[in-house]
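A.B. asks: So that we are looking at the same thing, I have put the structure below in structure tokens.
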Amino acid sequence: MRIARTRLEVGSARRTLPEPLGLVLTMGALHEGHDSLLRRAAAECESIAATIFVNPTQFGRGEDFGHYPRDEAADLSRLEALGVDLVFAPSTQEVYPAGFATTVDVGPLGERLEGAARPGHFRGVATVVTILFDLLGPGRAFFGQKDGQQTIVIRRLVRDLGLPVEVVVCPTIREPDGLAISSRNRFLSAEERAAAPVLSRALARVREAYERGEQNGDRLRELMRTTVAEEDLAALDYASVADARSLDELDSVGGAAAADGALVSLAVRLPSARLIDCLYLESG
Ligand code: PAF
């Protein structure tokens, strides 16, 4: 496994790798969710690369950039064990050299939901993803469905800029009690950890209601609100049932308004971490 720290090193290492290259972008603190993306990449591609970069531009003031978990040695051994060919683990200066001024902005898609709660977040994500795609030239890039809006933003960015990469969205990996695996779960106290499955419980209730025939957006959003209200430690940031392409809130999950299906998502604050989760409902 080669480890590149600079743009120059990653460029020369990349040229030796067979096509297609499968890429998994990470901020480190690797877990079973990342493992599943890398295994899928290995199964579908001739070579695989991963990045480890805690991207400062996607964190807002007062967010957890300074405390984001970092353990590069553990991450590198995990990547080596998974058979990764190339790791790009640059410094902040390498990605954003002095005077860096260009940003990539996907417009309203990046301003809703997570973008409303975390202004500028998706500009930071879209910018770094564009830089890393350009440096690594993947044929396919693999992302987890848990970050539902992020995958929608990245698909739009790839389409709008005509980038020659296929975005592959892979299923969310969950703990046995339903909690979506996330690097931020390690911030949770034992009490918070016990409360955290409230997100997947809320989504499960939405799915059950939908399968019983409930299509009304307000009633499905209300179901998530009342479920989260059952947990004293949890405070709801948002509960959304939105068109999976435009992220417009839906009056009804069925019909033409939701031609691409619905993204059902929620964000919940626990005292030590803010967690997100989502699921897709097909239209019709
Ligand atoms: O999902 C993440 O870990 C990050 O948002 C990403 C895609 C690596 C960009 O920094």
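Ligands are numbered from 1 in the order shown, residues from 1 within each chain, and chains are lettered A, B, ... in the order they appear in the structure tokens.
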Compile the contact shell of Leu21 of chain A as an mmCIF file with N, CA, C and O atoms, in the first residue's frame: residues with an atom at most 6 Å away, counting only C-alpha atoms, same-chain residues fewer than 2 positions apart removed.
C.D. replies:
data_model
loop_
_atom_site.group_PDB
_atom_site.id
_atom_site.type_symbol
_atom_site.label_atom_id
_atom_site.label_comp_id
_atom_site.auth_asym_id
_atom_site.auth_seq_id
_atom_site.Cartn_x
_atom_site.Cartn_y
_atom_site.Cartn_z
ATOM 1 N N GLU A 19 -6.992 0.454 -14.286
ATOM 2 C CA GLU A 19 -8.368 0.997 -14.357
ATOM 3 C C GLU A 19 -9.388 -0.138 -14.301
ATOM 4 O O GLU A 19 -9.085 -1.228 -14.783
ATOM 5 N N CYS A 45 -13.741 -3.030 -8.840
ATOM 6 C CA CYS A 45 -12.706 -2.236 -9.532
ATOM 7 C C CYS A 45 -11.375 -2.991 -9.558
ATOM 8 O O CYS A 45 -11.137 -3.900 -8.766
ATOM 9 N N SER A 47 -8.387 -1.535 -9.050
ATOM 10 C CA SER A 47 -7.523 -1.021 -7.980
ATOM 11 C C SER A 47 -8.376 -0.136 -7.078
ATOM 12 O O SER A 47 -9.436 0.351 -7.493
ATOM 13 N N ILE A 48 -7.914 0.039 -5.811
ATOM 14 C CA ILE A 48 -8.709 0.881 -4.896
ATOM 15 C C ILE A 48 -7.824 1.877 -4.151
ATOM 16 O O ILE A 48 -6.689 1.596 -3.786
ATOM 17 N N PRO A 138 -10.870 8.769 -10.161
ATOM 18 C CA PRO A 138 -11.508 7.453 -10.020
ATOM 19 C C PRO A 138 -12.487 7.177 -11.154
ATOM 20 O O PRO A 138 -13.119 8.105 -11.674
ATOM 21 N N GLY A 139 -12.644 5.883 -11.504
ATOM 22 C CA GLY A 139 -13.719 5.506 -12.423
ATOM 23 C C GLY A 139 -15.024 5.432 -11.662
ATOM 24 O O GLY A 139 -16.092 5.724 -12.180
#
A.B. asks: Kindly work out which residues sit at most 8 Å from ligand 1, using only C-alpha atoms and all ligand atoms, and give the list as a CSV table (one decimal) with all heavy atoms, in the first residue's frame.
C.D. replies:
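Everything below was put into out-v6.csv:
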chain,number,residue,atom,x,y,z
A,24,VAL,N,-12.7,5.6,-2.2
A,24,VAL,CA,-13.5,5.9,-1.0
A,24,VAL,C,-12.9,7.1,-0.3
A,24,VAL,O,-11.8,7.1,0.1
A,24,VAL,CB,-13.6,4.7,-0.1
A,24,VAL,CG1,-14.4,5.0,1.2
A,24,VAL,CG2,-14.2,3.5,-0.8
A,25,LEU,N,-13.7,8.2,-0.3
A,25,LEU,CA,-13.2,9.4,0.4
A,25,LEU,C,-13.6,9.3,1.9
A,25,LEU,O,-14.8,9.0,2.2
A,25,LEU,CB,-13.9,10.6,-0.2
A,25,LEU,CG,-13.6,10.9,-1.7
A,25,LEU,CD1,-14.4,12.1,-2.2
A,25,LEU,CD2,-12.2,11.0,-2.0
A,26,THR,N,-12.7,9.6,2.8
A,26,THR,CA,-13.0,9.6,4.2
A,26,THR,C,-12.3,10.7,5.0
A,26,THR,O,-11.4,11.4,4.5
A,26,THR,CB,-12.5,8.3,4.9
A,26,THR,OG1,-11.1,8.4,5.3
A,26,THR,CG2,-12.6,7.0,4.0
A,27,MET,N,-12.9,10.9,6.2
A,27,MET,CA,-12.2,11.9,7.1
A,27,MET,C,-11.5,11.1,8.2
A,27,MET,O,-11.3,11.6,9.3
A,27,MET,CB,-13.2,12.9,7.7
A,27,MET,CG,-13.9,13.7,6.5
A,27,MET,SD,-14.5,15.3,7.1
A,27,MET,CE,-15.7,14.8,8.3
A,28,GLY,N,-11.2,9.8,7.9
A,28,GLY,CA,-10.5,9.0,8.9
A,28,GLY,C,-11.5,8.5,9.9
A,28,GLY,O,-12.7,8.4,9.7
A,51,THR,N,-8.9,8.2,0.7
A,51,THR,CA,-8.3,9.4,1.2
A,51,THR,C,-8.6,9.5,2.7
A,51,THR,O,-9.7,9.0,3.2
A,51,THR,CB,-8.9,10.6,0.5
A,51,THR,OG1,-10.3,10.7,0.7
A,51,THR,CG2,-8.6,10.6,-1.0
A,52,ILE,N,-7.7,10.1,3.4
A,52,ILE,CA,-7.9,10.5,4.8
A,52,ILE,C,-7.7,12.0,4.9
A,52,ILE,O,-6.5,12.4,4.8
A,52,ILE,CB,-7.0,9.7,5.8
A,52,ILE,CG1,-7.1,8.2,5.6
A,52,ILE,CG2,-7.2,10.2,7.2
A,52,ILE,CD1,-6.1,7.4,6.5
A,53,PHE,N,-8.7,12.8,5.1
A,53,PHE,CA,-8.5,14.2,5.2
A,53,PHE,C,-9.7,14.8,5.9
A,53,PHE,O,-10.9,14.7,5.4
A,53,PHE,CB,-8.4,14.8,3.8
A,53,PHE,CG,-8.2,16.3,3.8
A,53,PHE,CD1,-7.1,16.9,4.4
A,53,PHE,CD2,-9.2,17.2,3.2
A,53,PHE,CE1,-6.9,18.3,4.4
A,53,PHE,CE2,-9.0,18.5,3.3
A,53,PHE,CZ,-7.9,19.1,3.9
A,54,VAL,N,-9.5,15.3,7.1
A,54,VAL,CA,-10.5,16.0,7.9
A,54,VAL,C,-10.6,17.4,7.3
A,54,VAL,O,-9.8,18.3,7.5
A,54,VAL,CB,-10.2,16.0,9.4
A,54,VAL,CG1,-11.4,16.6,10.1
A,54,VAL,CG2,-9.9,14.6,9.9
A,55,ASN,N,-11.6,17.6,6.5
A,55,ASN,CA,-11.7,18.8,5.6
A,55,ASN,C,-12.3,20.0,6.4
A,55,ASN,O,-13.4,20.1,6.7
A,55,ASN,CB,-12.7,18.5,4.5
A,55,ASN,CG,-13.0,19.7,3.6
A,55,ASN,OD1,-12.1,20.5,3.4
A,55,ASN,ND2,-14.2,19.8,3.1
A,58,GLN,N,-15.7,22.1,5.6
A,58,GLN,CA,-17.0,21.7,5.7
A,58,GLN,C,-17.5,21.7,7.1
A,58,GLN,O,-18.7,21.3,7.4
A,58,GLN,CB,-17.2,20.3,5.1
A,58,GLN,CG,-16.5,19.1,5.9
A,58,GLN,CD,-16.6,17.8,5.1
A,58,GLN,OE1,-15.9,17.7,4.1
A,58,GLN,NE2,-17.4,16.9,5.5
A,124,GLY,N,-18.2,23.3,1.3
A,124,GLY,CA,-16.9,22.7,1.7
A,124,GLY,C,-16.8,21.3,1.1
A,124,GLY,O,-15.7,20.9,0.6
A,125,VAL,N,-17.9,20.5,1.2
A,125,VAL,CA,-17.9,19.1,0.8
A,125,VAL,C,-17.7,19.1,-0.8
A,125,VAL,O,-16.8,18.4,-1.3
A,125,VAL,CB,-19.2,18.4,1.1
A,125,VAL,CG1,-19.3,17.0,0.4
A,125,VAL,CG2,-19.3,18.2,2.6
A,126,ALA,N,-18.5,19.9,-1.5
A,126,ALA,CA,-18.4,19.9,-3.0
A,126,ALA,C,-17.0,20.3,-3.4
A,126,ALA,O,-16.5,19.8,-4.4
A,126,ALA,CB,-19.5,20.8,-3.6
A,128,VAL,N,-14.0,20.1,-1.8
A,128,VAL,CA,-13.0,19.1,-1.5
A,128,VAL,C,-13.2,17.8,-2.4
A,128,VAL,O,-12.2,17.2,-2.9
A,128,VAL,CB,-12.9,18.7,0.0
A,128,VAL,CG1,-13.9,17.7,0.5
A,128,VAL,CG2,-11.5,18.2,0.3
A,129,VAL,N,-14.4,17.4,-2.6
A,129,VAL,CA,-14.7,16.3,-3.4
A,129,VAL,C,-14.2,16.5,-4.9
A,129,VAL,O,-13.6,15.7,-5.5
A,129,VAL,CB,-16.2,15.9,-3.4
A,129,VAL,CG1,-16.6,14.8,-4.4
A,129,VAL,CG2,-16.6,15.3,-2.0
A,143,PHE,N,-20.0,5.9,-1.8
A,143,PHE,CA,-20.4,6.7,-0.7
A,143,PHE,C,-21.5,6.0,0.1
A,143,PHE,O,-22.3,5.2,-0.5
A,143,PHE,CB,-21.0,8.1,-1.2
A,143,PHE,CG,-20.0,9.0,-1.8
A,143,PHE,CD1,-19.7,8.9,-3.2
A,143,PHE,CD2,-19.2,9.8,-1.0
A,143,PHE,CE1,-18.8,9.7,-3.8
A,143,PHE,CE2,-18.2,10.6,-1.6
A,143,PHE,CZ,-18.0,10.6,-3.0
A,144,GLY,N,-21.6,6.3,1.4
A,144,GLY,CA,-22.6,5.6,2.2
A,144,GLY,C,-24.0,6.3,2.1
A,144,GLY,O,-24.0,7.6,2.1
A,147,ASP,N,-25.4,9.4,4.6
A,147,ASP,CA,-25.3,10.8,4.4
A,147,ASP,C,-26.1,11.1,3.1
A,147,ASP,O,-25.6,11.4,2.0
A,147,ASP,CB,-23.9,11.2,4.2
A,147,ASP,CG,-23.1,11.0,5.5
A,147,ASP,OD1,-23.5,11.4,6.5
A,147,ASP,OD2,-22.0,10.3,5.4
A,150,GLN,N,-25.7,14.4,1.2
A,150,GLN,CA,-24.4,14.5,0.6
A,150,GLN,C,-24.3,13.7,-0.7
A,150,GLN,O,-23.7,14.2,-1.7
A,150,GLN,CB,-23.3,13.9,1.6
A,150,GLN,CG,-21.9,13.8,1.0
A,150,GLN,CD,-20.9,13.5,2.0
A,150,GLN,OE1,-20.4,14.4,2.7
A,150,GLN,NE2,-20.5,12.3,2.2
A.B. asks: Which residues, written as a ChimeraX atom specification, have at least one atom at most 10 Å from segment 7-10 of chain A, with only C-alpha atoms counted and residues fewer than 4 positions away on the same chain left out?
C.D. replies: /A:2-3,14-15,86-90,94-95,132,135-136
A.B. asks: I'd like the neighbourhood of Arg225 of chain A as number ranges by chain, where a residue qualifies if any of its atoms comes within 9 Å (using only C-alpha atoms), though same-chain residues fewer than 2 positions away should be ignored.
C.D. replies: A: 202, 220-223, 227-230, 236, 238-239
A.B. asks: Got time to write the residues from that selection, C-alpha atoms, as a PDB file, in the first residue's frame?
C.D. replies:
ATOM      1  CA  ALA A 202     -38.352   7.026  13.816  1.00  0.00           C
ATOM      2  CA  LEU A 220     -44.925  11.141   8.182  1.00  0.00           C
ATOM      3  CA  ARG A 221     -42.869  14.120   9.443  1.00  0.00           C
ATOM      4  CA  GLU A 222     -45.062  14.275  12.567  1.00  0.00           C
ATOM      5  CA  LEU A 223     -44.417  10.570  13.202  1.00  0.00           C
ATOM      6  CA  THR A 227     -40.889   9.421  18.116  1.00  0.00           C
ATOM      7  CA  VAL A 228     -37.893  11.675  18.879  1.00  0.00           C
ATOM      8  CA  ALA A 229     -39.932  13.435  21.611  1.00  0.00           C
ATOM      9  CA  GLU A 230     -40.119  10.088  23.453  1.00  0.00           C
ATOM     10  CA  LEU A 236     -34.940  17.155  16.940  1.00  0.00           C
ATOM     11  CA  TYR A 238     -35.338  18.591  11.518  1.00  0.00           C
ATOM     12  CA  ALA A 239     -37.576  15.811  10.200  1.00  0.00           C
TER      13      ALA A 239
END
A.B. asks: Give me every strand (DSSP E) residue in segment 27-201 of chain A, going by DSSP on the backbone, as a ChimeraX atom specification.
C.D. replies: /A:47-52,86-88,140-144,166-170
A.B. asks: Can those selected residues be exported to a file as an mmCIF file, in the first residue's frame so that it contains N, CA, C and O atoms?
C.D. replies:
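The new file out-v9.cif reads:
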data_model
loop_
_atom_site.group_PDB
_atom_site.id
_atom_site.type_symbol
_atom_site.label_atom_id
_atom_site.label_comp_id
_atom_site.auth_asym_id
_atom_site.auth_seq_id
_atom_site.Cartn_x
_atom_site.Cartn_y
_atom_site.Cartn_z
ATOM 1 N N SER A 47 -8.387 -1.535 -9.050
ATOM 2 C CA SER A 47 -7.523 -1.021 -7.980
ATOM 3 C C SER A 47 -8.376 -0.136 -7.078
ATOM 4 O O SER A 47 -9.436 0.351 -7.493
ATOM 5 N N ILE A 48 -7.914 0.039 -5.811
ATOM 6 C CA ILE A 48 -8.709 0.881 -4.896
ATOM 7 C C ILE A 48 -7.824 1.877 -4.151
ATOM 8 O O ILE A 48 -6.689 1.596 -3.786
ATOM 9 N N ALA A 49 -8.391 3.055 -3.963
ATOM 10 C CA ALA A 49 -7.706 4.114 -3.223
ATOM 11 C C ALA A 49 -8.654 4.683 -2.184
ATOM 12 O O ALA A 49 -9.880 4.630 -2.339
ATOM 13 N N ALA A 50 -8.059 5.208 -1.107
ATOM 14 C CA ALA A 50 -8.846 5.887 -0.070
ATOM 15 C C ALA A 50 -8.147 7.194 0.272
ATOM 16 O O ALA A 50 -6.925 7.313 0.114
ATOM 17 N N THR A 51 -8.915 8.166 0.726
ATOM 18 C CA THR A 51 -8.308 9.401 1.215
ATOM 19 C C THR A 51 -8.625 9.523 2.703
ATOM 20 O O THR A 51 -9.654 9.035 3.185
ATOM 21 N N ILE A 52 -7.702 10.136 3.424
ATOM 22 C CA ILE A 52 -7.941 10.485 4.835
ATOM 23 C C ILE A 52 -7.665 11.977 4.935
ATOM 24 O O ILE A 52 -6.513 12.416 4.815
ATOM 25 N N LEU A 86 -3.677 2.508 -2.633
ATOM 26 C CA LEU A 86 -3.121 3.855 -2.491
ATOM 27 C C LEU A 86 -3.948 4.644 -1.478
ATOM 28 O O LEU A 86 -5.182 4.653 -1.547
ATOM 29 N N VAL A 87 -3.258 5.291 -0.539
ATOM 30 C CA VAL A 87 -3.932 6.187 0.409
ATOM 31 C C VAL A 87 -3.384 7.590 0.183
ATOM 32 O O VAL A 87 -2.168 7.785 0.117
ATOM 33 N N PHE A 88 -4.286 8.544 0.067
ATOM 34 C CA PHE A 88 -3.872 9.949 -0.013
ATOM 35 C C PHE A 88 -4.253 10.591 1.320
ATOM 36 O O PHE A 88 -5.444 10.653 1.668
ATOM 37 N N ARG A 140 -14.922 4.981 -10.377
ATOM 38 C CA ARG A 140 -16.109 4.882 -9.520
ATOM 39 C C ARG A 140 -15.762 5.395 -8.129
ATOM 40 O O ARG A 140 -14.656 5.117 -7.635
ATOM 41 N N ALA A 141 -16.713 6.087 -7.514
ATOM 42 C CA ALA A 141 -16.505 6.557 -6.144
ATOM 43 C C ALA A 141 -17.673 6.067 -5.305
ATOM 44 O O ALA A 141 -18.832 6.139 -5.736
ATOM 45 N N PHE A 142 -17.368 5.562 -4.114
ATOM 46 C CA PHE A 142 -18.353 4.853 -3.295
ATOM 47 C C PHE A 142 -18.679 5.670 -2.044
ATOM 48 O O PHE A 142 -17.774 6.071 -1.308
ATOM 49 N N PHE A 143 -19.984 5.913 -1.820
ATOM 50 C CA PHE A 143 -20.423 6.722 -0.679
ATOM 51 C C PHE A 143 -21.518 5.968 0.071
ATOM 52 O O PHE A 143 -22.255 5.178 -0.518
ATOM 53 N N GLY A 144 -21.622 6.257 1.377
ATOM 54 C CA GLY A 144 -22.646 5.612 2.199
ATOM 55 C C GLY A 144 -23.974 6.345 2.104
ATOM 56 O O GLY A 144 -24.013 7.576 2.076
ATOM 57 N N GLU A 166 -18.380 7.497 -11.853
ATOM 58 C CA GLU A 166 -19.692 6.952 -11.486
ATOM 59 C C GLU A 166 -19.817 6.988 -9.960
ATOM 60 O O GLU A 166 -18.928 6.477 -9.262
ATOM 61 N N VAL A 167 -20.882 7.602 -9.476
ATOM 62 C CA VAL A 167 -21.102 7.669 -8.027
ATOM 63 C C VAL A 167 -21.936 6.453 -7.617
ATOM 64 O O VAL A 167 -23.040 6.249 -8.133
ATOM 65 N N VAL A 168 -21.379 5.645 -6.711
ATOM 66 C CA VAL A 168 -22.080 4.433 -6.267
ATOM 67 C C VAL A 168 -22.490 4.642 -4.804
ATOM 68 O O VAL A 168 -21.637 4.912 -3.952
ATOM 69 N N VAL A 169 -23.792 4.533 -4.538
ATOM 70 C CA VAL A 169 -24.287 4.740 -3.172
ATOM 71 C C VAL A 169 -24.572 3.373 -2.547
ATOM 72 O O VAL A 169 -25.306 2.565 -3.118
ATOM 73 N N CYS A 170 -23.970 3.128 -1.388
ATOM 74 C CA CYS A 170 -24.035 1.798 -0.761
ATOM 75 C C CYS A 170 -24.883 1.857 0.519
ATOM 76 O O CYS A 170 -24.942 2.901 1.180
#
A.B. asks: As a VMD selection string, please: every residue in segment 51-280 of chain A that a backbone DSSP assignment puts in helix (DSSP H, G or I).
C.D. replies: chain A and resid 56 to 58 72 to 81 92 to 95 107 to 110 114 to 117 121 to 136 148 to 161 183 to 187 190 to 195 198 to 211 217 to 229 256 to 258
A.B. asks: Applying 7 Å and only C-alpha atoms, which residues near segment 209-218 of chain A remain after dropping the ones on its own chain fewer than 4 positions away? List them as a count of residues only.
C.D. replies: 8
A.B. asks: Any idea what's packed within 10 Å of Arg112 of chain A, counting only C-alpha atoms, ignoring anything in its chain fewer than 2 positions away? Could you give it as a list in words?
C.D. replies: Gly107, Pro108, Leu109, Gly110, Glu114, Gly115, Ala116, Ala117, Arg118, Pro119, Phe122, Gln149, Ser246, Leu247, Asp248 and Glu249 of chain A
A.B. asks: Export N, CA, C and O atoms of the chosen residues as a compact mmCIF listing (two decimals), in the first residue's frame?
C.D. replies:
# COMPACT_ATOMS: atom_id res chain seq x y z
N GLY A 107 -25.70 25.27 -5.21
CA GLY A 107 -26.93 26.06 -5.15
C GLY A 107 -27.89 25.57 -4.08
O GLY A 107 -27.45 25.03 -3.06
N PRO A 108 -29.22 25.72 -4.32
CA PRO A 108 -30.23 25.44 -3.28
C PRO A 108 -30.13 24.04 -2.68
O PRO A 108 -30.43 23.85 -1.50
N LEU A 109 -29.70 23.05 -3.47
CA LEU A 109 -29.59 21.69 -2.92
C LEU A 109 -28.71 21.64 -1.68
O LEU A 109 -28.90 20.83 -0.79
N GLY A 110 -27.71 22.52 -1.68
CA GLY A 110 -26.77 22.54 -0.55
C GLY A 110 -27.20 23.47 0.56
O GLY A 110 -26.49 23.61 1.56
N GLU A 114 -29.39 19.64 6.00
CA GLU A 114 -28.08 19.79 6.64
C GLU A 114 -27.44 21.14 6.30
O GLU A 114 -26.74 21.74 7.09
N GLY A 115 -27.71 21.61 5.07
CA GLY A 115 -27.13 22.88 4.62
C GLY A 115 -27.73 24.07 5.37
O GLY A 115 -27.06 25.07 5.60
N ALA A 116 -29.01 23.95 5.77
CA ALA A 116 -29.63 25.03 6.55
C ALA A 116 -29.10 25.01 7.98
O ALA A 116 -28.84 26.05 8.58
N ALA A 117 -28.92 23.79 8.51
CA ALA A 117 -28.41 23.67 9.88
C ALA A 117 -26.92 24.00 9.94
O ALA A 117 -26.42 24.43 10.98
N ARG A 118 -26.20 23.76 8.83
CA ARG A 118 -24.74 23.93 8.81
C ARG A 118 -24.36 24.77 7.58
O ARG A 118 -23.85 24.22 6.59
N PRO A 119 -24.61 26.09 7.64
CA PRO A 119 -24.37 26.91 6.45
C PRO A 119 -22.93 26.77 5.93
O PRO A 119 -21.99 26.79 6.70
N PHE A 122 -22.01 22.21 2.60
CA PHE A 122 -21.93 21.52 1.32
C PHE A 122 -21.02 22.22 0.32
O PHE A 122 -20.54 21.58 -0.62
N GLN A 149 -28.22 13.41 1.88
CA GLN A 149 -28.15 14.68 1.14
C GLN A 149 -26.77 14.82 0.49
O GLN A 149 -26.66 15.33 -0.63
N SER A 246 -34.87 17.11 -5.83
CA SER A 246 -34.83 18.56 -5.58
C SER A 246 -34.69 18.90 -4.11
O SER A 246 -34.35 20.02 -3.75
N LEU A 247 -35.00 17.94 -3.24
CA LEU A 247 -35.08 18.14 -1.79
C LEU A 247 -36.21 19.09 -1.38
O LEU A 247 -36.21 19.60 -0.27
N ASP A 248 -37.18 19.32 -2.28
CA ASP A 248 -38.38 20.07 -1.89
C ASP A 248 -39.21 19.19 -0.97
O ASP A 248 -39.40 17.99 -1.25
N GLU A 249 -39.73 19.79 0.11
CA GLU A 249 -40.59 19.02 1.02
C GLU A 249 -41.84 18.58 0.27
O GLU A 249 -42.40 19.35 -0.53
